[in-house]
>>> print(open('target.cif').read())   # mmCIF, C-alpha atoms
data_data
loop_
_atom_site.label_atom_id
_atom_site.label_comp_id
_atom_site.auth_asym_id
_atom_site.auth_seq_id
_atom_site.Cartn_x
_atom_site.Cartn_y
_atom_site.Cartn_z
CA MET A 1 93.40 -109.00 26.62
CA LYS A 2 96.56 -111.13 26.47
CA THR A 3 94.58 -114.16 27.67
CA LYS A 4 92.06 -113.77 24.86
CA ILE A 5 94.89 -113.84 22.31
CA ILE A 6 97.11 -116.47 23.93
CA PHE A 7 94.37 -119.08 24.43
CA PRO A 8 93.35 -119.38 20.72
CA ILE A 9 97.01 -119.51 19.73
CA ALA A 10 97.69 -122.25 22.31
CA CYS A 11 94.63 -124.22 21.13
CA SER A 12 95.77 -123.91 17.52
CA LEU A 13 99.24 -125.14 18.38
CA PHE A 14 97.78 -128.01 20.42
CA PHE A 15 95.52 -129.00 17.52
CA LEU A 16 98.41 -128.93 15.06
CA LEU A 17 100.48 -131.04 17.44
CA ILE A 18 97.84 -133.74 17.88
CA THR A 19 96.97 -133.95 14.21
CA THR A 20 100.51 -134.06 12.88
CA GLU A 21 102.67 -135.68 15.57
CA LEU A 22 100.68 -138.07 17.74
CA PHE A 23 99.24 -140.32 15.06
CA PRO A 24 101.13 -140.36 11.80
CA GLN A 25 99.55 -141.73 8.65
CA ALA A 26 99.30 -145.50 8.54
CA PRO A 27 102.04 -147.15 6.47
CA PRO A 28 101.11 -149.08 3.32
CA LYS A 29 99.82 -152.58 4.09
CA ASN A 30 102.97 -154.58 3.33
CA GLU A 31 105.46 -152.05 4.66
CA VAL A 32 106.67 -151.93 8.26
CA LEU A 33 107.98 -148.59 9.50
CA ASN A 34 109.35 -148.99 13.03
CA ASN A 35 106.17 -150.73 14.18
CA THR A 36 105.89 -152.21 17.62
CA LEU A 37 103.81 -155.35 17.99
CA ALA A 38 101.89 -156.37 21.14
CA ILE A 39 102.14 -160.00 22.17
CA SER A 40 100.05 -161.21 25.12
CA GLY A 41 101.78 -163.43 27.63
CA GLY A 42 101.97 -164.69 31.23
CA GLN A 43 103.17 -162.23 33.91
CA ALA A 44 103.49 -159.26 31.56
CA ASN A 45 102.93 -158.45 27.92
CA LYS A 46 106.14 -157.92 26.01
CA VAL A 47 106.12 -155.58 23.10
CA PHE A 48 108.92 -155.88 20.58
CA GLY A 49 110.02 -152.98 18.41
CA SER A 50 112.28 -152.70 15.40
CA GLY A 51 115.98 -153.14 16.08
CA ASN A 52 116.80 -154.60 19.49
CA THR A 53 114.38 -152.50 21.52
CA SER A 54 111.51 -153.87 23.56
CA VAL A 55 108.87 -152.44 25.87
CA THR A 56 107.27 -154.44 28.66
CA ILE A 57 103.63 -153.69 29.37
CA ASN A 58 102.60 -154.75 32.88
CA LYS A 59 99.24 -156.32 33.76
CA LYS A 60 97.85 -153.07 35.20
CA ILE A 61 98.42 -151.18 31.96
CA GLN A 62 96.98 -154.00 29.84
CA LYS A 63 93.98 -154.29 32.20
CA HIS A 64 93.25 -150.56 32.02
CA PHE A 65 93.71 -150.55 28.25
CA SER A 66 91.28 -153.46 27.89
CA ARG A 67 88.77 -151.80 30.22
CA ASN A 68 88.91 -148.40 28.49
CA PHE A 69 89.28 -149.63 24.91
CA ALA A 70 87.56 -153.00 24.63
CA GLY A 71 87.87 -154.00 21.00
CA GLY A 72 90.96 -151.85 20.38
CA SER A 73 93.05 -153.50 17.67
CA ALA A 74 96.51 -153.23 16.09
CA GLN A 75 98.13 -152.01 19.31
CA ASN A 76 101.54 -150.38 18.81
CA TRP A 77 103.17 -149.55 22.16
CA SER A 78 106.10 -147.25 22.86
CA MET A 79 107.60 -145.40 25.81
CA THR A 80 107.24 -141.67 26.28
CA GLY A 81 109.47 -140.85 29.23
CA LYS A 82 108.14 -143.12 32.00
CA ASN A 83 104.70 -143.32 30.39
CA PHE A 84 103.34 -145.86 27.91
CA HIS A 85 101.91 -144.63 24.60
CA CYS A 86 99.71 -146.80 22.41
CA ASN A 87 98.57 -146.18 18.83
CA PHE A 88 95.65 -148.43 17.92
CA TYR A 89 92.34 -148.63 16.09
CA MET A 90 89.01 -148.35 17.87
CA ASN A 91 85.94 -149.19 15.79
CA SER A 92 88.13 -148.82 12.66
CA LEU A 93 89.18 -145.29 13.70
CA PRO A 94 92.79 -144.36 14.45
CA ALA A 95 93.32 -143.58 18.13
CA CYS A 96 96.07 -143.18 20.69
CA ALA A 97 96.29 -143.23 24.47
CA LEU A 98 98.89 -142.44 27.09
CA PHE A 99 99.11 -144.39 30.37
CA THR A 100 101.20 -143.93 33.52
CA GLU A 101 103.41 -146.73 34.87
CA LYS A 102 100.53 -147.66 37.20
CA GLY A 103 98.10 -147.99 34.30
CA GLN A 104 96.19 -144.73 34.82
CA LEU A 105 94.92 -143.15 31.61
CA ILE A 106 96.42 -139.70 31.03
CA TYR A 107 94.63 -138.96 27.76
CA ALA A 108 92.97 -140.63 24.78
CA ILE A 109 92.56 -139.18 21.29
CA THR A 110 90.33 -140.57 18.54
CA TYR A 111 90.42 -139.29 14.96
CA GLY A 112 87.27 -139.39 12.86
CA ALA A 113 84.94 -137.57 10.51
CA GLU A 114 81.50 -135.95 10.58
CA LYS A 115 79.69 -139.27 10.97
CA ASN A 116 81.63 -139.92 14.21
CA LEU A 117 80.41 -136.75 15.92
CA PRO A 118 77.62 -136.98 18.47
CA SER A 119 74.38 -135.86 16.81
CA GLU A 120 73.86 -132.84 19.10
CA ILE A 121 77.34 -131.49 18.29
CA ARG A 122 76.78 -132.04 14.56
CA ARG A 123 73.47 -130.14 14.79
CA MET A 124 75.12 -127.25 16.66
CA LEU A 125 77.86 -126.96 14.03
CA LYS A 126 75.48 -127.23 11.06
CA SER A 127 73.19 -124.55 12.52
CA GLU A 128 76.13 -122.19 13.08
CA TRP A 129 77.95 -122.88 9.79
CA GLU A 130 75.33 -124.42 7.48
CA ASP A 131 77.35 -123.99 4.26
CA TYR A 132 80.48 -125.60 5.69
CA THR A 133 81.48 -129.25 5.35
CA ILE A 134 82.91 -131.03 8.37
CA THR A 135 86.23 -132.45 7.15
CA LYS A 136 87.71 -133.85 10.38
CA ALA A 137 86.57 -134.51 13.93
CA THR A 138 89.02 -135.29 16.73
CA GLU A 139 87.89 -136.31 20.21
CA VAL A 140 90.24 -135.65 23.13
CA LYS A 141 89.50 -137.16 26.55
CA GLN A 142 91.58 -136.01 29.51
CA ASN A 143 90.89 -135.40 33.20
CA ASN A 144 87.18 -136.30 32.84
CA ARG A 145 86.87 -133.75 30.02
CA ASP A 146 85.51 -134.57 26.57
CA ILE A 147 86.68 -132.08 23.96
CA TRP A 148 86.01 -132.15 20.22
CA ILE A 149 88.25 -130.35 17.73
CA VAL A 150 86.46 -130.04 14.38
CA ASN A 151 87.72 -128.79 11.01
CA LEU A 152 85.19 -127.13 8.71
CA LYS A 153 85.58 -126.05 5.09
CA ASP A 154 83.55 -123.93 2.67
CA GLY A 155 85.34 -123.52 -0.66
CA TYR A 156 88.59 -121.79 0.24
CA ASN A 157 87.49 -120.89 3.78
CA HIS A 158 88.60 -123.07 6.69
CA LYS A 159 87.63 -122.99 10.35
CA THR A 160 88.78 -124.99 13.36
CA VAL A 161 86.41 -125.07 16.30
CA ARG A 162 86.62 -126.52 19.79
CA ILE A 163 83.52 -127.91 21.51
CA GLU A 164 83.36 -128.68 25.21
CA GLU A 165 80.25 -128.99 27.39
CA GLY A 166 78.01 -127.59 24.67
CA GLU A 167 80.13 -124.47 24.13
CA ILE A 168 81.62 -123.80 20.68
CA GLU A 169 84.78 -121.76 20.38
CA LEU A 170 86.27 -120.66 17.08
CA VAL A 171 89.97 -121.49 17.42
CA GLN A 172 91.27 -120.73 13.95
CA LYS A 173 90.05 -119.45 10.60
CA PHE A 174 91.87 -118.89 7.38
CA THR A 175 91.30 -118.60 3.65
CA GLU A 176 93.53 -120.58 1.32
CA LEU A 177 94.63 -118.91 -1.86
CA PRO A 178 93.32 -120.50 -5.06
CA GLU A 179 95.89 -122.08 -7.33
CA ARG A 180 96.91 -119.92 -10.28
CA PHE A 181 96.91 -121.33 -13.75
#
>>> encode(input="target.cif", output="structure tokens")
Amino acid sequence: MKTKIIFPIACSLFFLLITTELFPQAPPKNEVLNNTLAISGGQANKVFGSGNTSVTINKKIQKHFSRNFAGGSAQNWSMTGKNFHCNFYMNSLPACALFTEKGQLIYAITYGAEKNLPSEIRRMLKSEWEDYTITKATEVKQNNRDIWIVNLKDGYNHKTVRIEEGEIELVQKFTELPERF
């Protein structure tokens, strides 16, 4: 019984964490907010941050990034403990990835909308909740797992679902209160 309650709560907290902390909103075009810029070079790629901080990206990390995210643009690298975190855009969608010191991918997250969902997942969701609009779709790849977290809305009703290997799990549902005049 505890497992049935704890798992949805943990999934909800995980979803809130990835949507609010891992990829903040992009700053306005002409404003720089602690950005880190990637500059390709010889032995290693140096990444310079604001202030006097810098992060060095070795060839293994850059090679694995290029292999996994060919076409990834606007790379912003930072350190997370001993790991290397990169915010970037993939096919015009915001994304982030975490790599080990040896260049192994720990996880990758891509943020999108209904049009970015695989068609079979979109069909499953629309058949289950036909009156709901898909407002956000987040893809999480980790340990050879492909998980989608999808937000749905129907008027004041909201649902968050998790899809993995063709299985849909309702993670969260709530009704927002209408504004009073």
>>> resolve_selection(input="target.cif", expression="the PyMOL selection byres ((chain A and resi 63) around 12)", output="mmCIF file with C-alpha atoms, keeping the file's coordinate frame")
data_model
loop_
_atom_site.group_PDB
_atom_site.id
_atom_site.type_symbol
_atom_site.label_atom_id
_atom_site.label_comp_id
_atom_site.auth_asym_id
_atom_site.auth_seq_id
_atom_site.Cartn_x
_atom_site.Cartn_y
_atom_site.Cartn_z
ATOM 1 C CA SER A 40 100.050 -161.210 25.120
ATOM 2 C CA ALA A 44 103.490 -159.260 31.560
ATOM 3 C CA ASN A 45 102.930 -158.450 27.920
ATOM 4 C CA ILE A 57 103.630 -153.690 29.370
ATOM 5 C CA ASN A 58 102.600 -154.750 32.880
ATOM 6 C CA LYS A 59 99.240 -156.320 33.760
ATOM 7 C CA LYS A 60 97.850 -153.070 35.200
ATOM 8 C CA ILE A 61 98.420 -151.180 31.960
ATOM 9 C CA GLN A 62 96.980 -154.000 29.840
ATOM 10 C CA HIS A 64 93.250 -150.560 32.020
ATOM 11 C CA PHE A 65 93.710 -150.550 28.250
ATOM 12 C CA SER A 66 91.280 -153.460 27.890
ATOM 13 C CA ARG A 67 88.770 -151.800 30.220
ATOM 14 C CA ASN A 68 88.910 -148.400 28.490
ATOM 15 C CA PHE A 69 89.280 -149.630 24.910
ATOM 16 C CA ALA A 70 87.560 -153.000 24.630
ATOM 17 C CA PHE A 99 99.110 -144.390 30.370
ATOM 18 C CA LYS A 102 100.530 -147.660 37.200
ATOM 19 C CA GLY A 103 98.100 -147.990 34.300
ATOM 20 C CA GLN A 104 96.190 -144.730 34.820
ATOM 21 C CA LEU A 105 94.920 -143.150 31.610
#
>>> closest_residue(input="target.cif", among="A:Val55, A:Leu98, A:Val161, A:Leu93", to="Ser73 (chain A)", atoms="all atoms listed in the file")
A:Leu93
>>> closest_residue(input="target.cif", among="A:Leu177, A:Ile168, A:Cys86, A:Ile147", to="Ser127 (chain A)", atoms="only C-alpha atoms")
A:Ile168
>>> closest_residue(input="target.cif", among="A:Leu152, A:Ile106, A:Ala113, A:Met79", to="Leu125 (chain A)", atoms="all atoms listed in the file")
A:Leu152
>>> resolve_selection(input="target.cif", expression="the PyMOL selection byres ((chain A and resi 140) around 8)", output="PDB file with C-alpha atoms, in the coordinates of the input")
ATOM      1  CA  TYR A 107      94.630-138.960  27.760  1.00  0.00           C
ATOM      2  CA  ALA A 108      92.970-140.630  24.780  1.00  0.00           C
ATOM      3  CA  ILE A 109      92.560-139.180  21.290  1.00  0.00           C
ATOM      4  CA  THR A 110      90.330-140.570  18.540  1.00  0.00           C
ATOM      5  CA  THR A 138      89.020-135.290  16.730  1.00  0.00           C
ATOM      6  CA  GLU A 139      87.890-136.310  20.210  1.00  0.00           C
ATOM      7  CA  LYS A 141      89.500-137.160  26.550  1.00  0.00           C
ATOM      8  CA  GLN A 142      91.580-136.010  29.510  1.00  0.00           C
ATOM      9  CA  ARG A 145      86.870-133.750  30.020  1.00  0.00           C
ATOM     10  CA  ASP A 146      85.510-134.570  26.570  1.00  0.00           C
ATOM     11  CA  ILE A 147      86.680-132.080  23.960  1.00  0.00           C
ATOM     12  CA  TRP A 148      86.010-132.150  20.220  1.00  0.00           C
ATOM     13  CA  ILE A 149      88.250-130.350  17.730  1.00  0.00           C
TER      14      ILE A 149
END
>>> resolve_selection(input="target.cif", expression="the PyMOL selection byres ((chain A and resi 133) around 9)", output="ChimeraX atom specification")
/A:114,126,129-132,134-135,151-154
>>> atom_distance(input="target.cif", atom1="CA of Thr100 (chain A)", atom2="CA of Ala137 (chain A)")
26.2 Å
>>> atom_distance(input="target.cif", atom1="CA of Leu117 (chain A)", atom2="CA of Arg162 (chain A)")
12.6 Å
>>> atom_distance(input="target.cif", atom1="CA of Glu167 (chain A)", atom2="CA of Ser92 (chain A)")
28.1 Å
>>> closest_residue(input="target.cif", among="A:Ala74, A:Ile121, A:Cys96, A:Val150", to="Lys173 (chain A)", atoms="all atoms listed in the file")
A:Val150
>>> closest_residue(input="target.cif", among="A:Tyr89, A:Phe84, A:Tyr111, A:Phe174", to="Gly155 (chain A)", atoms="all atoms listed in the file")
A:Phe174
>>> closest_residue(input="target.cif", among="A:Trp77, A:Pro94, A:Gly166, A:Pro178", to="Ser119 (chain A)", atoms="all atoms listed in the file")
A:Gly166
